[in-house]
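Enquirer: File follows, protein22.pdb with PDB, C-alpha atoms:
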```pdb
ATOM      1  CA  MET G  23     208.468 124.245 274.359
ATOM      2  CA  ARG G  24     206.363 121.239 275.295
ATOM      3  CA  ARG G  25     206.930 118.152 273.119
ATOM      4  CA  ARG G  26     205.002 114.964 272.579
ATOM      5  CA  THR G  27     206.166 111.841 270.792
ATOM      6  CA  THR G  28     203.809 110.399 268.226
ATOM      7  CA  PRO G  29     204.995 107.288 266.334
ATOM      8  CA  ASP G  30     205.301 107.560 262.546
ATOM      9  CA  GLN G  31     204.046 111.146 262.374
ATOM     10  CA  THR G  32     205.913 114.246 261.339
ATOM     11  CA  LYS G  33     205.474 117.148 263.746
ATOM     12  CA  ILE G  34     204.603 120.705 262.815
ATOM     13  CA  ASP G  35     205.146 123.452 265.378
ATOM     14  CA  PHE G  36     202.200 125.751 265.952
ATOM     15  CA  VAL G  37     201.608 128.884 267.959
ATOM     16  CA  VAL G  38     201.897 128.888 271.784
ATOM     17  CA  GLY G  39     204.502 126.155 271.647
ATOM     18  CA  GLU G  40     202.168 123.300 270.726
ATOM     19  CA  SER G  41     203.302 120.496 268.422
ATOM     20  CA  VAL G  42     200.497 119.147 266.279
ATOM     21  CA  PRO G  43     200.564 115.925 264.216
ATOM     22  CA  THR G  44     200.583 116.413 260.450
ATOM     23  CA  ASP G  45     196.968 115.270 259.984
ATOM     24  CA  TRP G  46     195.747 117.832 262.492
ATOM     25  CA  ALA G  47     198.066 120.583 261.222
ATOM     26  CA  GLY G  48     196.873 120.171 257.637
ATOM     27  CA  ALA G  49     193.234 120.251 258.692
ATOM     28  CA  ILE G  50     193.724 123.322 260.906
ATOM     29  CA  GLU G  51     195.621 125.126 258.155
ATOM     30  CA  GLY G  52     192.893 124.393 255.603
ATOM     31  CA  TRP G  53     190.166 125.558 257.974
ATOM     32  CA  THR G  54     192.135 128.707 258.820
ATOM     33  CA  LEU G  55     192.276 129.607 255.126
ATOM     34  CA  TRP G  56     188.505 129.063 254.870
ATOM     35  CA  LEU G  57     187.887 131.309 257.872
ATOM     36  CA  ARG G  58     190.064 134.057 256.396
ATOM     37  CA  ALA G  59     188.336 133.726 253.031
ATOM     38  CA  SER G  60     185.027 134.322 254.805
ATOM     39  CA  ALA G  61     186.459 137.511 256.376
ATOM     40  CA  ARG G  62     186.374 136.239 259.954
ATOM     41  CA  PRO G  63     188.260 138.506 262.385
ATOM     42  CA  GLU G  64     191.772 137.379 263.283
ATOM     43  CA  THR G  65     190.776 137.290 266.949
ATOM     44  CA  THR G  66     188.061 134.770 266.100
ATOM     45  CA  ILE G  67     190.437 132.709 263.961
ATOM     46  CA  ASN G  68     193.019 132.616 266.760
ATOM     47  CA  THR G  69     190.397 131.475 269.271
ATOM     48  CA  ARG G  70     188.989 128.768 266.985
ATOM     49  CA  THR G  71     192.377 127.343 266.037
ATOM     50  CA  TYR G  72     193.458 127.355 269.686
ATOM     51  CA  HIS G  73     190.418 125.232 270.512
ATOM     52  CA  LEU G  74     191.390 122.726 267.822
ATOM     53  CA  ARG G  75     195.005 122.579 268.997
ATOM     54  CA  ARG G  76     193.717 121.629 272.438
ATOM     55  CA  LEU G  77     191.578 118.900 270.880
ATOM     56  CA  ALA G  78     194.594 117.669 268.887
ATOM     57  CA  ALA G  79     196.654 117.524 272.086
ATOM     58  CA  ALA G  80     194.024 115.217 273.606
ATOM     59  CA  PHE G  81     194.093 112.868 270.575
ATOM     60  CA  PRO G  82     197.681 113.058 269.238
ATOM     61  CA  ASP G  83     197.562 109.577 267.700
ATOM     62  CA  ARG G  84     194.250 110.068 265.907
ATOM     63  CA  SER G  85     193.176 111.820 262.754
ATOM     64  CA  PRO G  86     190.561 114.544 263.301
ATOM     65  CA  TRP G  87     188.342 112.644 260.855
ATOM     66  CA  SER G  88     188.364 109.501 262.994
ATOM     67  CA  LEU G  89     186.819 111.036 266.138
ATOM     68  CA  THR G  90     183.280 110.057 267.061
ATOM     69  CA  THR G  91     180.442 112.027 268.589
ATOM     70  CA  SER G  92     180.851 110.097 271.839
ATOM     71  CA  GLU G  93     184.528 111.004 272.040
ATOM     72  CA  LEU G  94     183.810 114.684 271.430
ATOM     73  CA  VAL G  95     181.094 114.635 274.097
ATOM     74  CA  GLU G  96     183.425 112.942 276.568
ATOM     75  CA  TRP G  97     186.218 115.432 275.835
ATOM     76  CA  THR G  98     184.056 118.521 276.261
ATOM     77  CA  ALA G  99     182.375 117.108 279.358
ATOM     78  CA  GLY G 100     185.757 116.515 280.968
ATOM     79  CA  HIS G 101     186.552 120.212 281.353
ATOM     80  CA  THR G 102     185.359 122.642 284.010
ATOM     81  CA  TRP G 103     184.781 125.476 281.561
ATOM     82  CA  ALA G 104     182.530 128.440 282.195
ATOM     83  CA  ARG G 105     179.234 128.248 280.341
ATOM     84  CA  GLU G 106     180.209 130.776 277.661
ATOM     85  CA  THR G 107     183.556 129.032 277.127
ATOM     86  CA  ARG G 108     181.723 125.740 276.669
ATOM     87  CA  ARG G 109     179.423 127.381 274.134
ATOM     88  CA  SER G 110     182.449 128.716 272.277
ATOM     89  CA  TYR G 111     184.135 125.294 272.070
ATOM     90  CA  ARG G 112     180.901 123.716 270.852
ATOM     91  CA  SER G 113     180.630 126.352 268.132
ATOM     92  CA  THR G 114     184.232 125.690 267.061
ATOM     93  CA  LEU G 115     183.718 121.950 266.769
ATOM     94  CA  ARG G 116     180.425 122.244 264.905
ATOM     95  CA  THR G 117     181.847 124.808 262.462
ATOM     96  CA  PHE G 118     185.061 122.865 261.895
ATOM     97  CA  TYR G 119     183.373 119.559 261.151
ATOM     98  CA  LYS G 120     180.678 121.223 259.050
ATOM     99  CA  TRP G 121     183.497 122.688 256.945
ATOM    100  CA  ALA G 122     185.050 119.223 256.655
ATOM    101  CA  VAL G 123     181.770 117.799 255.329
ATOM    102  CA  SER G 124     181.308 120.667 252.864
ATOM    103  CA  THR G 125     184.811 120.160 251.430
ATOM    104  CA  GLY G 126     184.478 116.382 251.104
ATOM    105  CA  GLY G 127     186.703 115.430 254.023
ATOM    106  CA  LEU G 128     183.853 113.681 255.849
ATOM    107  CA  GLU G 129     180.473 112.221 255.002
ATOM    108  CA  ALA G 130     178.844 113.326 258.279
ATOM    109  CA  SER G 131     179.841 115.637 261.120
ATOM    110  CA  PRO G 132     180.510 113.984 264.507
ATOM    111  CA  ALA G 133     179.875 117.383 266.133
ATOM    112  CA  ALA G 134     176.398 117.907 264.680
ATOM    113  CA  ASP G 135     174.709 116.280 267.668
ATOM    114  CA  LEU G 136     176.790 117.802 270.440
ATOM    115  CA  PRO G 137     174.396 118.852 273.223
ATOM    116  CA  ALA G 138     173.300 122.483 273.125
ATOM    117  CA  VAL G 139     174.545 124.781 275.878
ATOM    118  CA  ARG G 140     172.144 127.415 277.111
ATOM    119  CA  PRO G 141     173.448 130.972 277.377
ATOM    120  CA  ALA G 142     174.443 132.121 280.845
ATOM    121  CA  THR G 143     171.933 134.116 282.840
ATOM    122  CA  PRO G 144     172.848 137.817 282.671
ATOM    123  CA  SER G 145     174.899 138.735 285.729
ATOM    124  CA  PRO G 146     176.440 142.174 285.147
ATOM    125  CA  ARG G 147     178.763 143.457 287.860
ATOM    126  CA  PRO G 148     179.276 147.209 287.459
ATOM    127  CA  THR G 149     182.093 148.631 289.561
ATOM    128  CA  PRO G 150     180.606 150.702 292.428
ATOM    129  CA  ASN G 151     181.245 154.441 292.547
ATOM    130  CA  SER G 152     183.271 154.161 295.755
ATOM    131  CA  VAL G 153     185.643 151.602 294.212
ATOM    132  CA  TYR G 154     186.054 153.612 291.004
ATOM    133  CA  GLU G 155     186.695 156.886 292.821
ATOM    134  CA  ALA G 156     189.244 155.278 295.147
ATOM    135  CA  ALA G 157     191.071 153.760 292.175
ATOM    136  CA  LEU G 158     191.234 157.135 290.422
ATOM    137  CA  ALA G 159     192.596 158.749 293.574
ATOM    138  CA  ASP G 160     195.335 156.133 294.032
ATOM    139  CA  ALA G 161     196.401 155.535 290.424
ATOM    140  CA  PRO G 162     199.142 157.550 288.668
ATOM    141  CA  PRO G 163     197.865 159.822 285.853
ATOM    142  CA  ARG G 164     198.531 157.338 283.038
ATOM    143  CA  VAL G 165     196.636 154.510 284.734
ATOM    144  CA  ALA G 166     193.864 156.851 285.875
ATOM    145  CA  LEU G 167     193.315 157.776 282.232
ATOM    146  CA  MET G 168     193.033 154.083 281.318
ATOM    147  CA  LEU G 169     190.461 153.621 284.065
ATOM    148  CA  ARG G 170     188.466 156.620 282.841
ATOM    149  CA  LEU G 171     188.409 155.334 279.267
ATOM    150  CA  ALA G 172     186.868 152.081 280.488
ATOM    151  CA  ALA G 173     184.425 153.647 282.962
ATOM    152  CA  GLU G 174     183.419 156.805 281.094
ATOM    153  CA  ALA G 175     183.661 155.657 277.462
ATOM    154  CA  GLY G 176     183.114 151.885 277.789
ATOM    155  CA  LEU G 177     186.356 150.816 276.130
ATOM    156  CA  ARG G 178     187.884 147.349 276.319
ATOM    157  CA  ARG G 179     191.519 147.070 277.398
ATOM    158  CA  ALA G 180     192.550 146.169 273.821
ATOM    159  CA  GLU G 181     190.798 149.303 272.572
ATOM    160  CA  VAL G 182     192.495 151.478 275.185
ATOM    161  CA  ALA G 183     195.909 150.081 274.251
ATOM    162  CA  VAL G 184     195.791 151.216 270.599
ATOM    163  CA  ILE G 185     194.373 154.761 270.935
ATOM    164  CA  GLN G 186     196.246 157.328 268.831
ATOM    165  CA  SER G 187     195.971 161.109 268.700
ATOM    166  CA  ASP G 188     194.434 160.841 265.221
ATOM    167  CA  ASP G 189     191.494 158.916 266.704
ATOM    168  CA  LEU G 190     190.117 162.116 268.277
ATOM    169  CA  ILE G 191     187.546 163.860 266.087
ATOM    170  CA  GLU G 192     185.395 166.956 266.562
ATOM    171  CA  ASP G 193     181.873 167.524 265.252
ATOM    172  CA  LEU G 194     179.058 169.998 265.922
ATOM    173  CA  TYR G 195     178.328 168.419 269.305
ATOM    174  CA  GLY G 196     181.819 168.090 270.736
ATOM    175  CA  TRP G 197     184.726 165.629 270.732
ATOM    176  CA  SER G 198     184.470 161.919 270.016
ATOM    177  CA  LEU G 199     186.864 158.993 269.802
ATOM    178  CA  VAL G 200     187.182 156.544 266.917
ATOM    179  CA  VAL G 201     187.483 153.203 268.730
ATOM    180  CA  HIS G 202     189.147 150.272 266.985
ATOM    181  CA  GLY G 203     187.073 147.372 268.267
ATOM    182  CA  LYS G 204     186.944 143.609 268.019
ATOM    183  CA  GLY G 205     186.679 142.058 264.579
ATOM    184  CA  ASP G 206     188.151 145.154 262.887
ATOM    185  CA  ARG G 207     184.904 147.011 263.614
ATOM    186  CA  ASP G 208     185.427 150.716 264.310
ATOM    187  CA  ARG G 209     182.870 152.809 266.169
ATOM    188  CA  VAL G 210     182.603 156.431 267.259
ATOM    189  CA  VAL G 211     182.110 157.108 270.976
ATOM    190  CA  PRO G 212     181.257 160.631 272.211
ATOM    191  CA  LEU G 213     183.534 161.779 275.044
ATOM    192  CA  PRO G 214     182.786 163.769 278.193
ATOM    193  CA  ALA G 215     184.361 167.219 277.851
ATOM    194  CA  SER G 216     186.924 166.675 280.623
ATOM    195  CA  LEU G 217     188.039 163.322 279.200
ATOM    196  CA  ALA G 218     188.325 164.781 275.698
ATOM    197  CA  ALA G 219     190.427 167.665 277.038
ATOM    198  CA  GLU G 220     192.822 165.255 278.728
ATOM    199  CA  LEU G 221     193.236 163.165 275.583
ATOM    200  CA  ARG G 222     193.864 166.282 273.505
ATOM    201  CA  SER G 223     196.645 167.391 275.853
ATOM    202  CA  HIS G 224     198.830 164.389 274.951
ATOM    203  CA  GLU G 225     201.602 164.311 272.360
ATOM    204  CA  PRO G 226     200.873 163.036 268.812
ATOM    205  CA  GLY G 227     201.067 159.274 268.342
ATOM    206  CA  PHE G 228     199.947 156.440 270.573
ATOM    207  CA  LEU G 229     198.360 157.520 273.837
ATOM    208  CA  PHE G 230     200.123 154.685 275.683
ATOM    209  CA  PRO G 231     203.444 153.976 273.915
ATOM    210  CA  GLY G 232     204.944 150.545 274.361
ATOM    211  CA  ASN G 233     206.738 147.644 272.739
ATOM    212  CA  GLU G 234     203.807 145.990 270.962
ATOM    213  CA  ALA G 235     203.716 147.609 267.506
ATOM    214  CA  GLY G 236     204.451 150.917 269.237
ATOM    215  CA  HIS G 237     201.839 150.717 271.992
ATOM    216  CA  LEU G 238     201.272 148.845 275.253
ATOM    217  CA  SER G 239     199.834 145.352 275.031
ATOM    218  CA  PRO G 240     196.182 144.897 276.073
ATOM    219  CA  ARG G 241     197.342 142.434 278.733
ATOM    220  CA  TRP G 242     199.648 145.014 280.284
ATOM    221  CA  VAL G 243     196.933 147.692 280.208
ATOM    222  CA  GLY G 244     194.645 145.326 282.098
ATOM    223  CA  LYS G 245     197.355 144.435 284.598
ATOM    224  CA  LEU G 246     198.162 148.084 285.328
ATOM    225  CA  CYS G 247     194.513 148.877 285.996
ATOM    226  CA  THR G 248     193.933 145.796 288.131
ATOM    227  CA  ARG G 249     196.682 146.956 290.521
ATOM    228  CA  TYR G 250     194.421 149.800 291.634
ATOM    229  CA  LEU G 251     191.116 147.905 291.648
ATOM    230  CA  PRO G 252     190.419 145.757 294.734
ATOM    231  CA  ASP G 253     189.089 142.210 294.921
ATOM    232  CA  HIS G 254     187.410 141.000 291.729
ATOM    233  CA  TRP G 255     186.873 144.429 290.124
ATOM    234  CA  THR G 256     188.510 144.825 286.697
ATOM    235  CA  MET G 257     188.500 146.980 283.580
ATOM    236  CA  HIS G 258     185.676 144.773 282.347
ATOM    237  CA  SER G 259     183.538 145.562 285.392
ATOM    238  CA  LEU G 260     184.212 149.253 284.658
ATOM    239  CA  ARG G 261     182.738 148.586 281.207
ATOM    240  CA  HIS G 262     179.686 147.118 282.964
ATOM    241  CA  ARG G 263     179.516 150.353 284.965
ATOM    242  CA  PHE G 264     179.517 152.421 281.792
ATOM    243  CA  ALA G 265     176.828 150.232 280.181
ATOM    244  CA  SER G 266     174.521 150.402 283.208
ATOM    245  CA  ARG G 267     174.874 154.164 283.589
ATOM    246  CA  ALA G 268     174.382 154.754 279.859
ATOM    247  CA  TYR G 269     171.261 152.580 279.794
ATOM    248  CA  ALA G 270     169.806 154.452 282.776
ATOM    249  CA  VAL G 271     169.737 157.713 280.782
ATOM    250  CA  ASP G 272     167.082 156.787 278.184
ATOM    251  CA  ARG G 273     166.586 153.008 278.626
ATOM    252  CA  ASP G 274     167.827 152.670 275.026
ATOM    253  CA  VAL G 275     169.561 149.301 274.740
ATOM    254  CA  PHE G 276     170.343 149.746 271.038
ATOM    255  CA  THR G 277     172.304 152.953 271.582
ATOM    256  CA  VAL G 278     174.205 151.284 274.427
ATOM    257  CA  GLN G 279     174.888 148.365 272.074
ATOM    258  CA  ASP G 280     176.438 150.773 269.561
ATOM    259  CA  LEU G 281     178.508 152.510 272.234
ATOM    260  CA  LEU G 282     179.917 149.200 273.479
ATOM    261  CA  GLY G 283     180.570 147.808 269.998
ATOM    262  CA  HIS G 284     178.414 144.705 270.429
ATOM    263  CA  VAL G 285     177.082 142.783 267.452
ATOM    264  CA  SER G 286     173.891 141.818 269.288
ATOM    265  CA  PRO G 287     171.755 143.494 271.978
ATOM    266  CA  VAL G 288     171.663 140.086 273.671
ATOM    267  CA  THR G 289     175.323 140.599 274.556
ATOM    268  CA  THR G 290     174.605 144.126 275.766
ATOM    269  CA  ARG G 291     171.997 142.768 278.167
ATOM    270  CA  MET G 292     174.799 140.831 279.889
ATOM    271  CA  TYR G 293     176.412 144.170 280.808
ATOM    272  CA  VAL G 294     173.444 146.202 282.015
ATOM    273  CA  VAL G 295     171.947 146.424 285.489
ATOM    274  CA  PRO G 296     168.558 148.089 284.935
ATOM    275  CA  PRO G 297     167.809 151.092 287.188
ATOM    276  CA  ALA G 298     166.500 150.051 290.598
ATOM    277  CA  ASP G 299     163.220 151.873 290.076
ATOM    278  CA  ALA G 300     162.438 150.378 286.660
ATOM    279  CA  LYS G 301     160.263 147.444 287.780
ATOM    280  CA  ARG G 302     158.459 149.481 290.430
ATOM    281  CA  ARG G 303     157.796 152.320 287.976
ATOM    282  CA  LEU G 304     156.255 149.929 285.436
ATOM    283  CA  SER G 305     154.223 148.203 288.139
ATOM    284  CA  ARG G 306     152.796 151.531 289.315
ATOM    285  CA  ARG G 307     151.826 152.434 285.763
ATOM    286  CA  PHE G 308     149.866 149.210 285.316
ATOM    287  CA  ARG G 309     148.045 149.689 288.622
ATOM    288  CA  SER G 310     147.057 153.254 287.790
ATOM    289  CA  ARG G 311     146.113 152.567 284.183
ATOM    290  CA  PRO G 312     144.126 149.352 283.731
ATOM    291  CA  VAL G 313     144.445 148.062 280.184
ATOM    292  CA  GLN G 314     141.402 146.452 278.580
ATOM    293  CA  LEU G 315     142.514 143.349 276.732
ATOM    294  CA  ALA G 316     140.797 142.164 273.570
ATOM    295  CA  CYS G 317     139.532 139.043 275.338
ATOM    296  CA  ASP G 318     137.684 141.242 277.885
ATOM    297  CA  GLN G 319     135.654 143.027 275.218
TER     298      GLN G 319
END
```
Write the structure described by the file as structure tokens, please.
Expert:
Amino acid sequence: MRRRTTPDQTKIDFVVGESVPTDWAGAIEGWTLWLRASARPETTINTRTYHLRRLAAAFPDRSPWSLTTSELVEWTAGHTWARETRRSYRSTLRTFYKWAVSTGGLEASPAADLPAVRPATPSPRPTPNSVYEAALADAPPRVALMLRLAAEAGLRRAEVAVIQSDDLIEDLYGWSLVVHGKGDRDRVVPLPASLAAELRSHEPGFLFPGNEAGHLSPRWVGKLCTRYLPDHWTMHSLRHRFASRAYAVDRDVFTVQDLLGHVSPVTTRMYVVPPADAKRRLSRRFRSRPVQLACDQ
């Protein structure tokens, strides 16, 4: 465990082996309770508190209430984070200090004027058919099934890890899977017949038994799949493949959003490569059907 010495301050051990000064620990604990009271998902709470522990590590001799806007700007600017990571840290700081103001801990938030970070330009990278087919051919049956769940049902690695036999349901149209998604949000994903048949052939219980509450850890699921995917291709790029192929069927972004378990269609857009003919098809339609605008009348 990594230790730091801070004069005249009692240390409290936090998750991931970090020691946080009492002032920071009390503030993080209070904010964690507020987040739970507002029904935030545990995954979100873990991410937000991790961000604050990193900030505390940078200012071990300071109270969180003593930091200035300039210091927060300098700290965030000093990291080579990806754009979405930077946006996430900014959101954490603004939410944390807004909470402090609302509970009387501060008169004004030093994070209120942190510079805005524009969202990243959509750059989906769906795994090509040749890569996916080669991975299926090389992988043992258990890993091949994990790959199929990502590519043919759009599941995240954490969702694959916790599948149980009871999650399979049948309706008038065929078999579907109840997927336990991020933020404790469940969704129902229809399954291709061959994939449903393979899932139904397994023994009752977890589909992928392991040592994390009875199932494999999401990290291990991802690692197993990555062994059979070359270069930069991952389970996540298989999810991009599913999103792009699903969108190509009816060009219905909202249905794809539901299938992926996204809160916003803006996120879904980050996963979808529109069909190659989409722009050309629309362009041809405009050329063949002139539209009279109101200003031309």
Enquirer: Give me the result of the PyMOL selection byres ((chain G and resi 148-163) around 12) on this file, residue by residue, as a ChimeraX atom specification.
Expert: /G:145-147,164-174,176,220-221,224,230,246-268,292-296
Enquirer: Counting only C-alpha atoms, what is within 10 Å of Val139 of chain G, bar same-chain residues fewer than 4 positions away, as a list in words?
Expert: Arg105, Glu106, Arg108, Arg109, Ser110, Arg112 and Ser113 of chain G
Enquirer: Taking into account all atoms listed in the file, which residue in the set G:Gly48, G:Leu128, G:Gly283, G:Asp83 is nearest to Val200 of chain G?
Expert: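 Ranking G:Gly48, G:Leu128, G:Gly283, G:Asp83 by distance to Val200 of chain G, first place goes to G:Gly283.
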Enquirer: Could you tell me, as number ranges by chain, exactly which residues end up selected when the PyMOL selection byres ((chain G and resi 208) around 12) is applied to this structure?
Expert: G: 177, 181, 185, 189, 199-207, 209-211, 280-285
Enquirer: Taking the file as shown, what set of residues would the PyMOL selection byres ((chain G and resi 239) around 12) give back, as a list in words?
Expert: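 Selected by the PyMOL selection byres ((chain G and resi 239) around 12) in this file: Arg179, Ala180, Glu181, Val182, Ala183, Val184, Ile185, Phe228, Phe230, Pro231, Gly232, Asn233, Glu234, Ala235, Gly236, His237, Leu238, Pro240, Arg241, Trp242, Val243, Gly244, Lys245 and Leu246 of chain G.
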Enquirer: If I take atom CA of Pro137 of chain G and atom CA of Leu89 of chain G, how far is one from the other in Å, to one decimal?
Expert: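 Between these atoms lies a distance of 16.3 Å.
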Enquirer: What is the distance, in Å and to one decimal place, between atom CA of Thr289 of chain G and atom CA of Arg70 of chain G?
Expert: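 Atom-to-atom, atom CA of Thr289 of chain G to atom CA of Arg70 of chain G, that is 19.6 Å.
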Enquirer: Can you work out the spacing between atom CA of Ala80 of chain G and atom CA of Ala59 of chain G in Å, to one decimal?
Expert: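 Atom CA of Ala80 of chain G sits 28.3 Å away from atom CA of Ala59 of chain G.
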Enquirer: Neighbours of Ala133 of chain G within 9 Å (only C-alpha atoms; same-chain residues fewer than 6 positions away dropped), as a VMD selection string?
Expert: chain G and resid 90 to 91 94 to 95 112 115 to 120
Enquirer: With distances taken over only C-alpha atoms, which of G:Thr102, G:Ser286, G:Ser216, G:Ser92 is nearest to Pro132 of chain G?
Expert: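 Closest candidate: G:Ser92.
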Enquirer: How about completing segment 259-276 of chain G with N, CA and C atoms and giving it to me as a PDB file, in the frame of the given file?
Expert:
```pdb
ATOM      1  N   SER G 259     184.645 145.132 284.536  1.00  0.00           N
ATOM      2  CA  SER G 259     183.538 145.562 285.392  1.00  0.00           C
ATOM      3  C   SER G 259     183.327 147.079 285.292  1.00  0.00           C
ATOM      4  N   LEU G 260     184.385 147.831 284.941  1.00  0.00           N
ATOM      5  CA  LEU G 260     184.212 149.253 284.658  1.00  0.00           C
ATOM      6  C   LEU G 260     183.382 149.445 283.387  1.00  0.00           C
ATOM      7  N   ARG G 261     183.553 148.550 282.432  1.00  0.00           N
ATOM      8  CA  ARG G 261     182.738 148.586 281.207  1.00  0.00           C
ATOM      9  C   ARG G 261     181.273 148.290 281.539  1.00  0.00           C
ATOM     10  N   HIS G 262     181.047 147.374 282.481  1.00  0.00           N
ATOM     11  CA  HIS G 262     179.686 147.118 282.964  1.00  0.00           C
ATOM     12  C   HIS G 262     179.116 148.379 283.613  1.00  0.00           C
ATOM     13  N   ARG G 263     179.954 149.107 284.333  1.00  0.00           N
ATOM     14  CA  ARG G 263     179.516 150.353 284.965  1.00  0.00           C
ATOM     15  C   ARG G 263     179.059 151.350 283.904  1.00  0.00           C
ATOM     16  N   PHE G 264     179.878 151.508 282.865  1.00  0.00           N
ATOM     17  CA  PHE G 264     179.517 152.421 281.792  1.00  0.00           C
ATOM     18  C   PHE G 264     178.200 152.000 281.150  1.00  0.00           C
ATOM     19  N   ALA G 265     178.039 150.717 280.848  1.00  0.00           N
ATOM     20  CA  ALA G 265     176.828 150.232 280.181  1.00  0.00           C
ATOM     21  C   ALA G 265     175.588 150.490 281.026  1.00  0.00           C
ATOM     22  N   SER G 266     175.679 150.223 282.320  1.00  0.00           N
ATOM     23  CA  SER G 266     174.521 150.402 283.208  1.00  0.00           C
ATOM     24  C   SER G 266     174.155 151.871 283.343  1.00  0.00           C
ATOM     25  N   ARG G 267     175.147 152.732 283.458  1.00  0.00           N
ATOM     26  CA  ARG G 267     174.874 154.164 283.589  1.00  0.00           C
ATOM     27  C   ARG G 267     174.326 154.735 282.283  1.00  0.00           C
ATOM     28  N   ALA G 268     174.870 154.270 281.153  1.00  0.00           N
ATOM     29  CA  ALA G 268     174.382 154.754 279.859  1.00  0.00           C
ATOM     30  C   ALA G 268     172.937 154.311 279.617  1.00  0.00           C
ATOM     31  N   TYR G 269     172.629 153.077 279.982  1.00  0.00           N
ATOM     32  CA  TYR G 269     171.261 152.580 279.794  1.00  0.00           C
ATOM     33  C   TYR G 269     170.273 153.354 280.662  1.00  0.00           C
ATOM     34  N   ALA G 270     170.699 153.754 281.846  1.00  0.00           N
ATOM     35  CA  ALA G 270     169.806 154.452 282.776  1.00  0.00           C
ATOM     36  C   ALA G 270     169.360 155.814 282.256  1.00  0.00           C
ATOM     37  N   VAL G 271     170.084 156.379 281.286  1.00  0.00           N
ATOM     38  CA  VAL G 271     169.737 157.713 280.782  1.00  0.00           C
ATOM     39  C   VAL G 271     168.409 157.690 280.025  1.00  0.00           C
ATOM     40  N   ASP G 272     168.291 156.823 279.012  1.00  0.00           N
ATOM     41  CA  ASP G 272     167.082 156.787 278.184  1.00  0.00           C
ATOM     42  C   ASP G 272     166.468 155.388 278.062  1.00  0.00           C
ATOM     43  N   ARG G 273     167.042 154.402 278.754  1.00  0.00           N
ATOM     44  CA  ARG G 273     166.586 153.008 278.626  1.00  0.00           C
ATOM     45  C   ARG G 273     166.645 152.544 277.171  1.00  0.00           C
ATOM     46  N   ASP G 274     167.685 152.966 276.453  1.00  0.00           N
ATOM     47  CA  ASP G 274     167.827 152.670 275.026  1.00  0.00           C
ATOM     48  C   ASP G 274     168.936 151.639 274.841  1.00  0.00           C
ATOM     49  N   VAL G 275     168.563 150.372 274.799  1.00  0.00           N
ATOM     50  CA  VAL G 275     169.561 149.301 274.740  1.00  0.00           C
ATOM     51  C   VAL G 275     170.318 149.313 273.416  1.00  0.00           C
ATOM     52  N   PHE G 276     169.678 149.777 272.338  1.00  0.00           N
ATOM     53  CA  PHE G 276     170.343 149.746 271.038  1.00  0.00           C
ATOM     54  C   PHE G 276     171.450 150.795 270.948  1.00  0.00           C
TER      55      PHE G 276
END
```
